[in-house]
Amino acid sequence: MFECVVVTARGEQARPLTERWFQRYLGRVPRIEMRPSPAETSAQFKARVVGGLGPLAHFEDDPFTATWLAELLPRVYLVDWGRNRWLAGPNITRVRSVSEAVEELVRLAQEGRPAS
């Protein structure tokens with residue numbers, strides 16, 4: 001149906017811990033793209049990697065990164081936190097958890113078109 005790729009600004013040194021977390025809570029480890037160097041900001045790294053992937057959507061909690069990625073992607077799901085409550089945009093959808101978007105993502109993947 002669709003592939004989930006995790007794009008995280010965590011450094012490679014956090015890979016074992018990150019993979020264990022996914023194995024424990026999801027029962028599998030998805031493809032994980034980790035920031036190779038602190039010379040690149042979190043937002044720069046995510047914009048570069050996500051831009052190359054061409055995803056249906058991206059999940060984000062940081063308002064700065066979400067704003068930037070919303071300029072590049074058809075849909076950004078903003079995980080609702082107090083520090084990002086002020087952010088809104090035409091292709092930004094606020095969710096409490098990733099699970100809130102699954103139904104829409106499945107539909108979009110079946111239709112073969114990006115979120116709008």
# chains A, B, ... in the order shown; residues from 1 in each chain; ligands from 1
>>> select_by_dssp(residues="chain A", states="strand (DSSP E)", output="VMD selection string")
chain A and resid 5 to 11 31 to 35 58 to 60 76 to 79 92 to 95
>>> select_by_dssp(residues="chain A", states="helix (DSSP H, G or I)", output="number ranges by chain")
A: 12-26, 42-53, 63-70, 82-84, 98-111
>>> residues_around(residues="A:Arg15", least_positions_apart="6", cutoff="12 Å", atoms="only C-alpha atoms", output="list in words")
Val6, Val7, Thr8, Ala9, Trp21, Phe22, Val29, Pro30, Arg31, Ile32, Glu33, Met34, Arg35 and Pro36 of chain A
>>> residues_around(residues="stretch 63-77 of chain A", least_positions_apart="4", cutoff="8 Å", atoms="only C-alpha atoms", output="list in words")
Ser42, Ala43, Lys46, Ala47, Gly51, Gly54, Pro55, Leu56, Ala57, His58, Phe59, Arg83, Asn84, Leu87, Asn91, Ile92, Thr93, Arg94, Val95, Ala101, Pro114, Ala115 and Ser116 of chain A
>>> atom_distance(atom1="atom CA of A:Glu19", atom2="atom CA of A:Arg107")
27.9 Å
>>> closest_residue(among="A:Glu100, A:Glu12, A:Glu60, A:Glu3", to="A:Pro38", atoms="only C-alpha atoms")
A:Glu12
>>> atom_distance(atom1="atom CA of A:Val49", atom2="atom CA of A:Cys4")
13.6 Å
>>> atom_distance(atom1="atom CA of A:Asp62", atom2="atom CA of A:Gly82")
10.6 Å
>>> decode(residues="stretch 25-50 of chain A", atoms="N, CA and C atoms", output="mmCIF file, in the first residue's frame")
data_model
loop_
_atom_site.group_PDB
_atom_site.id
_atom_site.type_symbol
_atom_site.label_atom_id
_atom_site.label_comp_id
_atom_site.auth_asym_id
_atom_site.auth_seq_id
_atom_site.Cartn_x
_atom_site.Cartn_y
_atom_site.Cartn_z
ATOM 1 N N TYR A 25 7.484 -0.921 20.126
ATOM 2 C CA TYR A 25 6.147 -0.340 20.036
ATOM 3 C C TYR A 25 5.415 -0.624 18.732
ATOM 4 N N LEU A 26 6.148 -0.943 17.664
ATOM 5 C CA LEU A 26 5.491 -1.245 16.388
ATOM 6 C C LEU A 26 5.676 -2.691 15.952
ATOM 7 N N GLY A 27 6.614 -3.375 16.595
ATOM 8 C CA GLY A 27 6.857 -4.760 16.215
ATOM 9 C C GLY A 27 7.723 -4.900 14.979
ATOM 10 N N ARG A 28 8.232 -3.800 14.478
ATOM 11 C CA ARG A 28 9.130 -3.820 13.323
ATOM 12 C C ARG A 28 9.910 -2.516 13.278
ATOM 13 N N VAL A 29 10.988 -2.523 12.519
ATOM 14 C CA VAL A 29 11.816 -1.333 12.366
ATOM 15 C C VAL A 29 11.685 -0.860 10.922
ATOM 16 N N PRO A 30 11.084 0.305 10.711
ATOM 17 C CA PRO A 30 10.968 0.829 9.348
ATOM 18 C C PRO A 30 12.309 1.384 8.876
ATOM 19 N N ARG A 31 12.359 1.761 7.636
ATOM 20 C CA ARG A 31 13.538 2.472 7.119
ATOM 21 C C ARG A 31 13.669 3.777 7.904
ATOM 22 N N ILE A 32 14.868 4.052 8.391
ATOM 23 C CA ILE A 32 15.106 5.255 9.195
ATOM 24 C C ILE A 32 16.227 6.061 8.557
ATOM 25 N N GLU A 33 15.936 7.315 8.233
ATOM 26 C CA GLU A 33 16.931 8.263 7.732
ATOM 27 C C GLU A 33 17.320 9.156 8.902
ATOM 28 N N MET A 34 18.590 9.107 9.291
ATOM 29 C CA MET A 34 19.075 9.873 10.444
ATOM 30 C C MET A 34 20.065 10.941 9.982
ATOM 31 N N ARG A 35 20.047 12.061 10.671
ATOM 32 C CA ARG A 35 20.909 13.194 10.312
ATOM 33 C C ARG A 35 22.375 12.796 10.494
ATOM 34 N N PRO A 36 23.169 12.894 9.438
ATOM 35 C CA PRO A 36 24.554 12.448 9.514
ATOM 36 C C PRO A 36 25.490 13.412 10.230
ATOM 37 N N SER A 37 25.079 14.683 10.338
ATOM 38 C CA SER A 37 25.997 15.664 10.911
ATOM 39 C C SER A 37 25.228 16.810 11.558
ATOM 40 N N PRO A 38 25.708 17.302 12.688
ATOM 41 C CA PRO A 38 25.069 18.462 13.308
ATOM 42 C C PRO A 38 25.346 19.761 12.546
ATOM 43 N N ALA A 39 26.178 19.702 11.501
ATOM 44 C CA ALA A 39 26.432 20.879 10.682
ATOM 45 C C ALA A 39 25.183 21.291 9.906
ATOM 46 N N GLU A 40 24.266 20.372 9.734
ATOM 47 C CA GLU A 40 22.999 20.622 9.048
ATOM 48 C C GLU A 40 21.911 20.703 10.112
ATOM 49 N N THR A 41 21.073 21.756 10.072
ATOM 50 C CA THR A 41 20.015 21.858 11.071
ATOM 51 C C THR A 41 18.978 20.763 10.844
ATOM 52 N N SER A 42 18.161 20.550 11.849
ATOM 53 C CA SER A 42 17.084 19.570 11.748
ATOM 54 C C SER A 42 16.195 19.866 10.549
ATOM 55 N N ALA A 43 15.771 21.109 10.417
ATOM 56 C CA ALA A 43 14.877 21.489 9.315
ATOM 57 C C ALA A 43 15.556 21.325 7.961
ATOM 58 N N GLN A 44 16.831 21.702 7.852
ATOM 59 C CA GLN A 44 17.556 21.540 6.593
ATOM 60 C C GLN A 44 17.646 20.070 6.204
ATOM 61 N N PHE A 45 18.007 19.240 7.164
ATOM 62 C CA PHE A 45 18.117 17.807 6.913
ATOM 63 C C PHE A 45 16.783 17.224 6.446
ATOM 64 N N LYS A 46 15.729 17.529 7.181
ATOM 65 C CA LYS A 46 14.421 16.972 6.823
ATOM 66 C C LYS A 46 13.955 17.468 5.466
ATOM 67 N N ALA A 47 14.151 18.747 5.165
ATOM 68 C CA ALA A 47 13.753 19.284 3.859
ATOM 69 C C ALA A 47 14.517 18.593 2.737
ATOM 70 N N ARG A 48 15.801 18.384 2.939
ATOM 71 C CA ARG A 48 16.613 17.718 1.920
ATOM 72 C C ARG A 48 16.159 16.287 1.683
ATOM 73 N N VAL A 49 15.989 15.533 2.757
ATOM 74 C CA VAL A 49 15.640 14.117 2.625
ATOM 75 C C VAL A 49 14.196 13.939 2.151
ATOM 76 N N VAL A 50 13.287 14.657 2.775
ATOM 77 C CA VAL A 50 11.878 14.527 2.411
ATOM 78 C C VAL A 50 11.651 14.987 0.969
#
